[in-house]
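Below is one structure, written out as structure tokens; the observations come after it.
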Amino acid sequence: MRQSSLVVIANRLPLDDSAAPDGACEWRRSPGGLASALHAILEQTPATWVGWGGGVGPAPALPDIGSLRLRPVPLTEDELRGYYEGFANSTLWPLYHDAVQQPTFDRGWWETYRTVNQRFAEAAAEVAEPGAAVWVQDYHLQLVPGMLRELRPDVMIGFFMHVPFPPPELYMQLPRRVELLRGMLGADLVGFQREQAAHNVAQLAVKLLGAEVAGDTITVDGRTVHTGAFPVSIDVTEMRALAARPDVVTQAEQLRDSLGRPKRVLLSVDRLDYTKGIEHRLTAYRELLRDGHVKVRDTVLVQVAVPSRERVESYRELKDRIEAEVGRINGEFGRVGEPAIHYLNQPFSRSQLAALYRTADVMVVTPLRDGMNLVAKEFVAAREDGAGALVLSEFTGAAAELAQAFLVNPHDVDGLKDTLLQAMETDPADLRARMSAMRQHLADHDILAWARAYLSALDHTGRLAESLP
Ligand code: ADP
Ligand code: F6P
């Protein structure tokens, strides 16, 4: 068994095993922020990534990606339901996102979640060389730090939560709250997108585990755990380069032609998820059309909603509601050859996304709660022309960094309508100044800076951070 000095464990591998229309197996880049963020740095780092390949049954053998080794973890059909669709995405996901959708507490899922976490911990224990650093990612694997410490007390263990960590009064609803907290605090360093999340964890550690807190350290079970905020980012260089590519510039022009060369293009790009505020956005847009503030002849909305967690009932119901609403809006306000909303329920390549970002006059990002939201950052990185407006929900991690966006509370539909109009009507020079400040921020805070900051905090010798490209 080949071992590595850096092991990353995430629910998903950066490649996804999705069936092509002809039924053949097709590997492509995984959807979602975590894979986008980590893929960018690890491709050029000697490391092993432990994760699920997206299918069920025995794990396939996978080739290395550059200097990155892949170690697939198999899941059975029952495990997929109990661990991924169940405990991770029907209990923890909604609860951690302010319970914007009612979490389901199904007692049968817990054992499966534990079993799968144990399997990930064992896989990491096998591929970590003596004294290695193991970096565990996200809410799917919250028990792994504690389990790994039992198996391999010699390794440094980091944990990073990509999603929000809820306030204590919400977390307290969680059955198994003690085991989950203790599992996560098995790490040496627990990182979050925002400082507030670290405060929430510290309060809970005192209350539930009798821990002692001093600054950013928690002493629990005789060990010291460090906590901190490390806002995740994107591969700014990659997105800039893509957006500047001549074929992408041409593609963006062609997109605008295909849209009928409207005066304004509004764009949204989300996983089809109830946390993303897609319905709030559609309501605001419908009312702008109804009130005559927006005319189909000169403005279009492009809504990209990539399929996500499609077997989970709440996601299927959301898809039905969104598609019905898009149909209603197009039926009521569209004209022949001129729909009010162009709805695309499909994955796109990175270059197609870059072309879409370039085409947009207003990027509309309205999550009800989001750990970070990398789409907002990708849009900014793609705008080397300095144009374009970003409407951004206050309830995203990105809002704390992109202060020059048009910040908005998506629950306030009137406020959302006003902000959309303001973004559409703001003077181009003002937009340019805002975009320039946001681009500067991103240039200084890209994905590499994030990984360096986290790994230097985990390993004070600096050795780990030096292994990054
Ligand atoms: P989340 O992690 O909740 O999915 P983020 O906005 O942080 O949300 O990250 C979403 C990631 O998925 C981004 O990197 C974005 O480019 C990618 N993505 C979104 N829509 C699509 C799509 N239709 N096709 C391919 N990738 C997509
Ligand atoms: O960012 C949160 C997250 O759950 C990531 O862990 C994941 O990459 C992304 O959303 C996409 O979700 P899924 O892996 O369920 O498709």
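Within each chain, counting starts at residue 1; across the structure tokens, chains are named A, B, ... in the order shown, with ligands numbered 1 upward in that order.
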>> Show me, as number ranges by chain, the residues that have an atom within 10 Å of Glu425 in chain A when counting only C-alpha atoms, minus same-chain residues fewer than 6 positions from it.
In response: A: 389, 419, 431
Expected file contents, prior selection, N, CA, C and O atoms, as a CSV table (one decimal), in the first residue's frame:
chain,number,residue,atom,x,y,z
A,389,ALA,N,-22.4,43.4,-12.3
A,389,ALA,CA,-22.8,43.6,-10.9
A,389,ALA,C,-23.1,42.3,-10.2
A,389,ALA,O,-23.6,41.4,-10.8
A,419,THR,N,-33.1,45.9,-4.9
A,419,THR,CA,-31.6,45.7,-5.1
A,419,THR,C,-31.4,45.2,-6.5
A,419,THR,O,-30.4,45.6,-7.1
A,431,LEU,N,-19.9,50.5,-11.0
A,431,LEU,CA,-19.8,49.0,-11.1
A,431,LEU,C,-18.3,48.6,-11.2
A,431,LEU,O,-17.9,47.7,-10.6
>> Distance limit 8 Å, reference ligand 1, atoms considered: only C-alpha atoms and all ligand atoms. Which residues make the cut? Give them as a PyMOL selection string.
In response: chain A and resi 30-37+162+234+269-271+273+276+304-307+344-350+353+370-376+378
Resulting file, chosen residues, C-alpha atoms, as a PDB file, in the first residue's frame:
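As written to disk, result_16.pdb reads:
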ATOM      1  CA  SER A  30     -17.586  16.386  -9.229  1.00  0.00           C
ATOM      2  CA  PRO A  31     -20.156  19.112  -8.698  1.00  0.00           C
ATOM      3  CA  GLY A  32     -20.070  21.408  -5.694  1.00  0.00           C
ATOM      4  CA  GLY A  33     -17.781  23.806  -3.943  1.00  0.00           C
ATOM      5  CA  LEU A  34     -15.632  21.399  -1.976  1.00  0.00           C
ATOM      6  CA  ALA A  35     -14.444  19.421  -4.977  1.00  0.00           C
ATOM      7  CA  SER A  36     -13.870  22.613  -6.990  1.00  0.00           C
ATOM      8  CA  ALA A  37     -11.790  24.147  -4.221  1.00  0.00           C
ATOM      9  CA  HIS A 162     -17.350  23.805   4.512  1.00  0.00           C
ATOM     10  CA  ILE A 234     -11.327  29.423  -5.669  1.00  0.00           C
ATOM     11  CA  VAL A 269     -25.843  29.366 -11.145  1.00  0.00           C
ATOM     12  CA  ASP A 270     -26.645  26.974  -8.286  1.00  0.00           C
ATOM     13  CA  ARG A 271     -26.893  23.364  -7.354  1.00  0.00           C
ATOM     14  CA  ASP A 273     -30.826  23.060  -3.484  1.00  0.00           C
ATOM     15  CA  LYS A 276     -29.900  28.576  -2.506  1.00  0.00           C
ATOM     16  CA  VAL A 304     -28.611  27.336 -14.294  1.00  0.00           C
ATOM     17  CA  ALA A 305     -29.648  24.743 -11.693  1.00  0.00           C
ATOM     18  CA  VAL A 306     -27.380  21.705 -11.739  1.00  0.00           C
ATOM     19  CA  PRO A 307     -29.138  18.512 -10.579  1.00  0.00           C
ATOM     20  CA  LEU A 344     -30.943  24.923 -17.626  1.00  0.00           C
ATOM     21  CA  ASN A 345     -31.035  21.855 -15.379  1.00  0.00           C
ATOM     22  CA  GLN A 346     -27.674  20.448 -16.524  1.00  0.00           C
ATOM     23  CA  PRO A 347     -23.998  20.324 -15.630  1.00  0.00           C
ATOM     24  CA  PHE A 348     -21.625  22.583 -17.582  1.00  0.00           C
ATOM     25  CA  SER A 349     -17.899  22.468 -18.221  1.00  0.00           C
ATOM     26  CA  ARG A 350     -15.630  25.056 -16.554  1.00  0.00           C
ATOM     27  CA  LEU A 353     -19.435  28.418 -16.927  1.00  0.00           C
ATOM     28  CA  ASP A 370     -24.462  29.212   2.544  1.00  0.00           C
ATOM     29  CA  GLY A 371     -21.111  28.400   4.149  1.00  0.00           C
ATOM     30  CA  MET A 372     -19.249  30.359   1.458  1.00  0.00           C
ATOM     31  CA  ASN A 373     -20.707  30.335  -2.119  1.00  0.00           C
ATOM     32  CA  LEU A 374     -17.924  29.900  -4.614  1.00  0.00           C
ATOM     33  CA  VAL A 375     -20.122  30.841  -7.569  1.00  0.00           C
ATOM     34  CA  ALA A 376     -20.017  34.480  -6.403  1.00  0.00           C
ATOM     35  CA  GLU A 378     -16.011  32.623  -9.720  1.00  0.00           C
TER      36      GLU A 378
END
Which neighbours of Gln142 in chain A fall inside 10 Å, counting only C-alpha atoms, when residues of the same chain fewer than 3 positions from it are skipped, and could you give them as a PDB file with all heavy atoms, in the first residue's frame?
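Written out: part-v2.pdb:
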ATOM      1  N   ALA A  88     -26.439  12.555   6.466  1.00  0.00           N
ATOM      2  CA  ALA A  88     -25.684  13.748   6.031  1.00  0.00           C
ATOM      3  C   ALA A  88     -26.603  14.788   5.399  1.00  0.00           C
ATOM      4  O   ALA A  88     -26.562  15.972   5.764  1.00  0.00           O
ATOM      5  CB  ALA A  88     -24.577  13.340   5.052  1.00  0.00           C
ATOM      6  N   TYR A 113     -24.331   5.935   9.308  1.00  0.00           N
ATOM      7  CA  TYR A 113     -23.405   7.083   9.293  1.00  0.00           C
ATOM      8  C   TYR A 113     -22.118   6.704  10.035  1.00  0.00           C
ATOM      9  O   TYR A 113     -21.012   6.951   9.569  1.00  0.00           O
ATOM     10  CB  TYR A 113     -24.096   8.286   9.940  1.00  0.00           C
ATOM     11  CG  TYR A 113     -23.283   9.567   9.951  1.00  0.00           C
ATOM     12  CD1 TYR A 113     -23.219  10.396   8.820  1.00  0.00           C
ATOM     13  CD2 TYR A 113     -22.584   9.966  11.092  1.00  0.00           C
ATOM     14  CE1 TYR A 113     -22.485  11.571   8.837  1.00  0.00           C
ATOM     15  CE2 TYR A 113     -21.857  11.143  11.121  1.00  0.00           C
ATOM     16  CZ  TYR A 113     -21.820  11.946   9.992  1.00  0.00           C
ATOM     17  OH  TYR A 113     -21.091  13.117  10.013  1.00  0.00           O
ATOM     18  N   ARG A 114     -22.273   6.055  11.197  1.00  0.00           N
ATOM     19  CA  ARG A 114     -21.110   5.658  12.005  1.00  0.00           C
ATOM     20  C   ARG A 114     -20.250   4.630  11.255  1.00  0.00           C
ATOM     21  O   ARG A 114     -19.042   4.742  11.174  1.00  0.00           O
ATOM     22  CB  ARG A 114     -21.609   5.033  13.317  1.00  0.00           C
ATOM     23  CG  ARG A 114     -21.201   5.797  14.583  1.00  0.00           C
ATOM     24  CD  ARG A 114     -21.681   5.068  15.824  1.00  0.00           C
ATOM     25  NE  ARG A 114     -21.521   3.620  15.708  1.00  0.00           N
ATOM     26  CZ  ARG A 114     -20.378   2.962  15.867  1.00  0.00           C
ATOM     27  NH1 ARG A 114     -19.285   3.609  16.206  1.00  0.00           N
ATOM     28  NH2 ARG A 114     -20.334   1.655  15.715  1.00  0.00           N
ATOM     29  N   ASN A 117     -18.408   6.318   8.396  1.00  0.00           N
ATOM     30  CA  ASN A 117     -17.320   7.159   8.922  1.00  0.00           C
ATOM     31  C   ASN A 117     -16.134   6.280   9.342  1.00  0.00           C
ATOM     32  O   ASN A 117     -14.979   6.614   9.093  1.00  0.00           O
ATOM     33  CB  ASN A 117     -17.814   8.007  10.093  1.00  0.00           C
ATOM     34  CG  ASN A 117     -18.380   9.364   9.659  1.00  0.00           C
ATOM     35  OD1 ASN A 117     -17.908  10.420  10.065  1.00  0.00           O
ATOM     36  ND2 ASN A 117     -19.396   9.349   8.818  1.00  0.00           N
ATOM     37  N   VAL A 136      -9.519  16.157   7.179  1.00  0.00           N
ATOM     38  CA  VAL A 136     -10.874  15.633   7.003  1.00  0.00           C
ATOM     39  C   VAL A 136     -11.807  16.790   6.634  1.00  0.00           C
ATOM     40  O   VAL A 136     -11.738  17.862   7.246  1.00  0.00           O
ATOM     41  CB  VAL A 136     -11.366  14.986   8.323  1.00  0.00           C
ATOM     42  CG1 VAL A 136     -12.721  14.314   8.123  1.00  0.00           C
ATOM     43  CG2 VAL A 136     -10.344  13.995   8.867  1.00  0.00           C
ATOM     44  N   GLN A 137     -12.682  16.543   5.643  1.00  0.00           N
ATOM     45  CA  GLN A 137     -13.538  17.620   5.139  1.00  0.00           C
ATOM     46  C   GLN A 137     -15.022  17.379   5.417  1.00  0.00           C
ATOM     47  O   GLN A 137     -15.547  16.312   5.083  1.00  0.00           O
ATOM     48  CB  GLN A 137     -13.388  17.740   3.612  1.00  0.00           C
ATOM     49  CG  GLN A 137     -11.966  17.773   3.099  1.00  0.00           C
ATOM     50  CD  GLN A 137     -11.238  19.059   3.425  1.00  0.00           C
ATOM     51  OE1 GLN A 137     -11.835  20.139   3.440  1.00  0.00           O
ATOM     52  NE2 GLN A 137      -9.957  18.974   3.714  1.00  0.00           N
ATOM     53  N   ASP A 138     -15.644  18.361   6.010  1.00  0.00           N
ATOM     54  CA  ASP A 138     -17.097  18.520   5.981  1.00  0.00           C
ATOM     55  C   ASP A 138     -17.948  17.587   6.850  1.00  0.00           C
ATOM     56  O   ASP A 138     -17.489  16.606   7.396  1.00  0.00           O
ATOM     57  CB  ASP A 138     -17.572  18.481   4.518  1.00  0.00           C
ATOM     58  CG  ASP A 138     -18.400  19.722   4.177  1.00  0.00           C
ATOM     59  OD1 ASP A 138     -18.689  20.514   5.089  1.00  0.00           O
ATOM     60  OD2 ASP A 138     -18.763  19.890   3.006  1.00  0.00           O
ATOM     61  N   TYR A 139     -19.245  17.943   6.881  1.00  0.00           N
ATOM     62  CA  TYR A 139     -20.221  17.354   7.802  1.00  0.00           C
ATOM     63  C   TYR A 139     -20.496  15.875   7.552  1.00  0.00           C
ATOM     64  O   TYR A 139     -21.015  15.204   8.432  1.00  0.00           O
ATOM     65  CB  TYR A 139     -21.536  18.142   7.701  1.00  0.00           C
ATOM     66  CG  TYR A 139     -22.154  18.102   6.315  1.00  0.00           C
ATOM     67  CD1 TYR A 139     -23.204  17.240   6.023  1.00  0.00           C
ATOM     68  CD2 TYR A 139     -21.651  18.888   5.278  1.00  0.00           C
ATOM     69  CE1 TYR A 139     -23.750  17.177   4.749  1.00  0.00           C
ATOM     70  CE2 TYR A 139     -22.185  18.826   4.002  1.00  0.00           C
ATOM     71  CZ  TYR A 139     -23.225  17.976   3.744  1.00  0.00           C
ATOM     72  OH  TYR A 139     -23.747  17.899   2.479  1.00  0.00           O
ATOM     73  N   PRO A 145     -12.492  12.371  12.707  1.00  0.00           N
ATOM     74  CA  PRO A 145     -11.307  12.767  13.488  1.00  0.00           C
ATOM     75  C   PRO A 145     -11.117  11.920  14.751  1.00  0.00           C
ATOM     76  O   PRO A 145     -10.013  11.413  15.004  1.00  0.00           O
ATOM     77  CB  PRO A 145     -11.583  14.241  13.826  1.00  0.00           C
ATOM     78  CG  PRO A 145     -12.455  14.710  12.704  1.00  0.00           C
ATOM     79  CD  PRO A 145     -13.330  13.542  12.363  1.00  0.00           C
ATOM     80  N   GLY A 146     -12.187  11.704  15.510  1.00  0.00           N
ATOM     81  CA  GLY A 146     -12.082  10.897  16.736  1.00  0.00           C
ATOM     82  C   GLY A 146     -11.730   9.448  16.418  1.00  0.00           C
ATOM     83  O   GLY A 146     -10.897   8.832  17.096  1.00  0.00           O
ATOM     84  N   MET A 147     -12.336   8.896  15.365  1.00  0.00           N
ATOM     85  CA  MET A 147     -12.068   7.494  15.012  1.00  0.00           C
ATOM     86  C   MET A 147     -10.626   7.310  14.555  1.00  0.00           C
ATOM     87  O   MET A 147      -9.964   6.332  14.892  1.00  0.00           O
ATOM     88  CB  MET A 147     -13.019   7.055  13.878  1.00  0.00           C
ATOM     89  CG  MET A 147     -14.460   6.963  14.332  1.00  0.00           C
ATOM     90  SD  MET A 147     -15.538   6.739  12.894  1.00  0.00           S
ATOM     91  CE  MET A 147     -17.036   6.142  13.703  1.00  0.00           C
ATOM     92  N   PHE A 159      -9.592  19.172  10.640  1.00  0.00           N
ATOM     93  CA  PHE A 159     -10.980  19.033  10.169  1.00  0.00           C
ATOM     94  C   PHE A 159     -11.410  20.396   9.651  1.00  0.00           C
ATOM     95  O   PHE A 159     -11.151  21.420  10.295  1.00  0.00           O
ATOM     96  CB  PHE A 159     -11.897  18.595  11.334  1.00  0.00           C
ATOM     97  CG  PHE A 159     -13.343  18.450  10.919  1.00  0.00           C
ATOM     98  CD1 PHE A 159     -13.800  17.262  10.349  1.00  0.00           C
ATOM     99  CD2 PHE A 159     -14.241  19.498  11.069  1.00  0.00           C
ATOM    100  CE1 PHE A 159     -15.126  17.126   9.934  1.00  0.00           C
ATOM    101  CE2 PHE A 159     -15.566  19.377  10.670  1.00  0.00           C
ATOM    102  CZ  PHE A 159     -16.011  18.184  10.100  1.00  0.00           C
ATOM    103  N   PHE A 160     -12.051  20.425   8.483  1.00  0.00           N
ATOM    104  CA  PHE A 160     -12.589  21.706   7.989  1.00  0.00           C
ATOM    105  C   PHE A 160     -14.048  21.529   7.620  1.00  0.00           C
ATOM    106  O   PHE A 160     -14.420  20.618   6.881  1.00  0.00           O
ATOM    107  CB  PHE A 160     -11.807  22.227   6.774  1.00  0.00           C
ATOM    108  CG  PHE A 160     -12.287  23.594   6.365  1.00  0.00           C
ATOM    109  CD1 PHE A 160     -11.887  24.713   7.077  1.00  0.00           C
ATOM    110  CD2 PHE A 160     -13.187  23.758   5.316  1.00  0.00           C
ATOM    111  CE1 PHE A 160     -12.366  25.978   6.743  1.00  0.00           C
ATOM    112  CE2 PHE A 160     -13.665  25.012   4.978  1.00  0.00           C
ATOM    113  CZ  PHE A 160     -13.249  26.129   5.695  1.00  0.00           C
ATOM    114  N   MET A 161     -14.879  22.401   8.147  1.00  0.00           N
ATOM    115  CA  MET A 161     -16.317  22.370   7.891  1.00  0.00           C
ATOM    116  C   MET A 161     -16.622  23.385   6.781  1.00  0.00           C
ATOM    117  O   MET A 161     -16.453  24.589   6.980  1.00  0.00           O
ATOM    118  CB  MET A 161     -17.042  22.749   9.191  1.00  0.00           C
ATOM    119  CG  MET A 161     -18.524  22.645   9.104  1.00  0.00           C
ATOM    120  SD  MET A 161     -19.052  20.928   9.011  1.00  0.00           S
ATOM    121  CE  MET A 161     -19.494  20.642  10.712  1.00  0.00           C
ATOM    122  N   GLU A 179     -21.947  12.786  20.585  1.00  0.00           N
ATOM    123  CA  GLU A 179     -20.994  11.972  19.801  1.00  0.00           C
ATOM    124  C   GLU A 179     -20.442  12.768  18.619  1.00  0.00           C
ATOM    125  O   GLU A 179     -19.259  12.698  18.298  1.00  0.00           O
ATOM    126  CB  GLU A 179     -21.676  10.722  19.243  1.00  0.00           C
ATOM    127  CG  GLU A 179     -22.039   9.684  20.293  1.00  0.00           C
ATOM    128  CD  GLU A 179     -23.526   9.728  20.618  1.00  0.00           C
ATOM    129  OE1 GLU A 179     -24.064  10.847  20.808  1.00  0.00           O
ATOM    130  OE2 GLU A 179     -24.162   8.668  20.689  1.00  0.00           O
ATOM    131  N   LEU A 180     -21.310  13.540  17.979  1.00  0.00           N
ATOM    132  CA  LEU A 180     -20.871  14.293  16.790  1.00  0.00           C
ATOM    133  C   LEU A 180     -19.885  15.389  17.161  1.00  0.00           C
ATOM    134  O   LEU A 180     -18.907  15.631  16.455  1.00  0.00           O
ATOM    135  CB  LEU A 180     -22.088  14.899  16.081  1.00  0.00           C
ATOM    136  CG  LEU A 180     -22.842  13.885  15.226  1.00  0.00           C
ATOM    137  CD1 LEU A 180     -24.244  14.373  14.938  1.00  0.00           C
ATOM    138  CD2 LEU A 180     -22.093  13.638  13.908  1.00  0.00           C
ATOM    139  N   LEU A 181     -20.129  16.034  18.281  1.00  0.00           N
ATOM    140  CA  LEU A 181     -19.226  17.099  18.715  1.00  0.00           C
ATOM    141  C   LEU A 181     -17.885  16.512  19.144  1.00  0.00           C
ATOM    142  O   LEU A 181     -16.815  16.994  18.753  1.00  0.00           O
ATOM    143  CB  LEU A 181     -19.879  17.855  19.874  1.00  0.00           C
ATOM    144  CG  LEU A 181     -19.208  19.144  20.289  1.00  0.00           C
ATOM    145  CD1 LEU A 181     -19.201  20.150  19.151  1.00  0.00           C
ATOM    146  CD2 LEU A 181     -19.907  19.750  21.515  1.00  0.00           C
ATOM    147  N   ARG A 182     -17.956  15.441  19.917  1.00  0.00           N
ATOM    148  CA  ARG A 182     -16.724  14.801  20.392  1.00  0.00           C
ATOM    149  C   ARG A 182     -15.913  14.264  19.201  1.00  0.00           C
ATOM    150  O   ARG A 182     -14.688  14.376  19.175  1.00  0.00           O
ATOM    151  CB  ARG A 182     -17.074  13.688  21.374  1.00  0.00           C
ATOM    152  CG  ARG A 182     -15.867  13.054  21.960  1.00  0.00           C
ATOM    153  CD  ARG A 182     -16.110  12.161  23.161  1.00  0.00           C
ATOM    154  NE  ARG A 182     -15.991  12.855  24.430  1.00  0.00           N
ATOM    155  CZ  ARG A 182     -16.948  12.932  25.353  1.00  0.00           C
ATOM    156  NH1 ARG A 182     -18.098  12.357  25.146  1.00  0.00           N
ATOM    157  NH2 ARG A 182     -16.755  13.578  26.484  1.00  0.00           N
ATOM    158  N   GLY A 183     -16.608  13.692  18.223  1.00  0.00           N
ATOM    159  CA  GLY A 183     -15.924  13.146  17.040  1.00  0.00           C
ATOM    160  C   GLY A 183     -15.138  14.237  16.330  1.00  0.00           C
ATOM    161  O   GLY A 183     -13.957  14.086  16.019  1.00  0.00           O
ATOM    162  N   MET A 184     -15.778  15.370  16.093  1.00  0.00           N
ATOM    163  CA  MET A 184     -15.132  16.472  15.377  1.00  0.00           C
ATOM    164  C   MET A 184     -13.932  17.008  16.179  1.00  0.00           C
ATOM    165  O   MET A 184     -12.881  17.340  15.628  1.00  0.00           O
ATOM    166  CB  MET A 184     -16.174  17.581  15.161  1.00  0.00           C
ATOM    167  CG  MET A 184     -15.664  18.769  14.447  1.00  0.00           C
ATOM    168  SD  MET A 184     -17.009  19.880  13.968  1.00  0.00           S
ATOM    169  CE  MET A 184     -17.432  20.620  15.525  1.00  0.00           C
ATOM    170  N   LEU A 185     -14.105  17.068  17.511  1.00  0.00           N
ATOM    171  CA  LEU A 185     -13.043  17.614  18.364  1.00  0.00           C
ATOM    172  C   LEU A 185     -11.918  16.590  18.588  1.00  0.00           C
ATOM    173  O   LEU A 185     -10.989  16.857  19.349  1.00  0.00           O
ATOM    174  CB  LEU A 185     -13.628  18.111  19.687  1.00  0.00           C
ATOM    175  CG  LEU A 185     -14.544  19.336  19.536  1.00  0.00           C
ATOM    176  CD1 LEU A 185     -15.149  19.746  20.875  1.00  0.00           C
ATOM    177  CD2 LEU A 185     -13.825  20.524  18.912  1.00  0.00           C
ATOM    178  N   GLY A 186     -11.994  15.460  17.910  1.00  0.00           N
ATOM    179  CA  GLY A 186     -10.857  14.534  17.879  1.00  0.00           C
ATOM    180  C   GLY A 186      -9.725  15.101  17.035  1.00  0.00           C
ATOM    181  O   GLY A 186      -8.611  14.593  17.041  1.00  0.00           O
ATOM    182  N   ALA A 187      -9.988  16.183  16.289  1.00  0.00           N
ATOM    183  CA  ALA A 187      -8.953  16.806  15.448  1.00  0.00           C
ATOM    184  C   ALA A 187      -8.030  17.693  16.288  1.00  0.00           C
ATOM    185  O   ALA A 187      -8.385  18.103  17.394  1.00  0.00           O
ATOM    186  CB  ALA A 187      -9.623  17.637  14.358  1.00  0.00           C
TER     187      ALA A 187
END
> Among range 68-100 of chain A, which residues carry a DSSP assignment of helix (DSSP H, G or I), reported as a list in words?
Replying inline: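 So, restricting range 68-100 of chain A to helix (DSSP H, G or I), we get Glu77, Asp78, Glu79, Leu80, Arg81, Gly82, Tyr83, Tyr84, Glu85, Gly86, Phe87, Ala88, Asn89, Ser90, Thr91, Leu92, Trp93, Pro94, Leu95 and Tyr96 of chain A.
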> Hey, what does DSSP flag as strand (DSSP E or B) within range 125-294 of chain A? Can you give it to me as a count of residues only?
Replying inline: 41
> Between A:Arg335, A:Arg369, A:Arg309, A:Arg176, which one has atoms that come closest to ligand 2, using only C-alpha atoms and all ligand atoms?
Replying inline: A:Arg309
> Which is closest to Arg194 in chain A among A:Thr275, A:Ala340, A:Arg149, A:Thr227, if we use only C-alpha atoms?
Replying inline: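 Using only C-alpha atoms, the shortest distance to Arg194 in chain A belongs to A:Thr227.
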> How many Å lie between CA of Leu420 in chain A and CA of Val391 in chain A, rounded to one decimal?
Replying inline: 7.0 Å
>> Need to verify the contact set: Val220 in chain A, 10 Å, only C-alpha atoms, exclusion of same-chain residues closer than 6 positions in sequence. Can you return it as an MDAnalysis selection string?
In response: chainID A and resid 182 185:186 205:206 209:213
Mind dumping the selected residues with N, CA, C and O atoms as a JSON list (two decimals), in the first residue's frame?
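What landed in again.json:
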[["chain", "number", "residue", "atom", "x", "y", "z"],
["A", 182, "ARG", "N", -17.96, 15.44, 19.92],
["A", 182, "ARG", "CA", -16.72, 14.80, 20.39],
["A", 182, "ARG", "C", -15.91, 14.26, 19.20],
["A", 182, "ARG", "O", -14.69, 14.38, 19.18],
["A", 185, "LEU", "N", -14.10, 17.07, 17.51],
["A", 185, "LEU", "CA", -13.04, 17.61, 18.36],
["A", 185, "LEU", "C", -11.92, 16.59, 18.59],
["A", 185, "LEU", "O", -10.99, 16.86, 19.35],
["A", 186, "GLY", "N", -11.99, 15.46, 17.91],
["A", 186, "GLY", "CA", -10.86, 14.53, 17.88],
["A", 186, "GLY", "C", -9.73, 15.10, 17.04],
["A", 186, "GLY", "O", -8.61, 14.59, 17.04],
["A", 205, "ALA", "N", -19.05, 22.94, 23.34],
["A", 205, "ALA", "CA", -18.06, 22.05, 23.98],
["A", 205, "ALA", "C", -18.12, 22.24, 25.51],
["A", 205, "ALA", "O", -18.02, 21.28, 26.26],
["A", 206, "VAL", "N", -18.30, 23.48, 25.94],
["A", 206, "VAL", "CA", -18.40, 23.74, 27.38],
["A", 206, "VAL", "C", -19.67, 23.09, 27.91],
["A", 206, "VAL", "O", -19.67, 22.37, 28.92],
["A", 209, "LEU", "N", -19.68, 18.93, 26.78],
["A", 209, "LEU", "CA", -18.54, 18.04, 27.07],
["A", 209, "LEU", "C", -17.75, 18.51, 28.29],
["A", 209, "LEU", "O", -16.71, 17.92, 28.62],
["A", 210, "GLY", "N", -18.20, 19.60, 28.92],
["A", 210, "GLY", "CA", -17.48, 20.11, 30.09],
["A", 210, "GLY", "C", -16.08, 20.61, 29.74],
["A", 210, "GLY", "O", -15.16, 20.56, 30.56],
["A", 211, "ALA", "N", -15.90, 21.08, 28.49],
["A", 211, "ALA", "CA", -14.58, 21.53, 28.05],
["A", 211, "ALA", "C", -14.24, 22.89, 28.65],
["A", 211, "ALA", "O", -15.11, 23.60, 29.15],
["A", 212, "GLU", "N", -12.95, 23.24, 28.56],
["A", 212, "GLU", "CA", -12.53, 24.59, 28.95],
["A", 212, "GLU", "C", -12.08, 25.32, 27.69],
["A", 212, "GLU", "O", -11.40, 24.74, 26.84],
["A", 213, "VAL", "N", -12.46, 26.61, 27.63],
["A", 213, "VAL", "CA", -12.14, 27.38, 26.43],
["A", 213, "VAL", "C", -11.26, 28.56, 26.80],
["A", 213, "VAL", "O", -11.53, 29.26, 27.78]]
> Near range 416-418 of chain A, counting only C-alpha atoms, which residues have an atom at most 9 Å away, once you skip same-chain residues fewer than 4 positions from it, shown as a ChimeraX atom specification?
Replying inline: /A:280-281,284-285,287-288,366,391,408-412,422-423
> What separation in Å, quoted to one decimal, exists between CA of Val73 in chain A and CA of Pro58 in chain A?
Replying inline: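 Pair CA of Val73 in chain A / CA of Pro58 in chain A returns 8.5 Å.
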> At what distance in Å, to one decimal, does CA of Ile157 in chain A lie from CA of Leu208 in chain A?
Replying inline: 22.1 Å
>> Can you pull out the residues contacting Gln203 in chain A? Cut-off 12 Å, using only C-alpha atoms, and skip same-chain residues under 4 positions away; I want them as an MDAnalysis selection string.
In response: chainID A and resid 165:169 171:172 181 196:199 207:218
>> Report as a PyMOL selection string all protein, DNA and RNA residues lying within 8 Å of range 38-47 of chain A, evaluated on only C-alpha atoms, omitting residues in the same chain fewer than 2 positions from it.
In response: chain A and resi 4-8+14+34-36+49+65-69+234-235+447-448+451+467-469
>> Could you check the closest approach to Ala123 in chain A for each of A:Gln251, A:Thr426, A:Thr48, A:Thr237 and tell me which residue wins, using only C-alpha atoms?
In response: A:Thr48
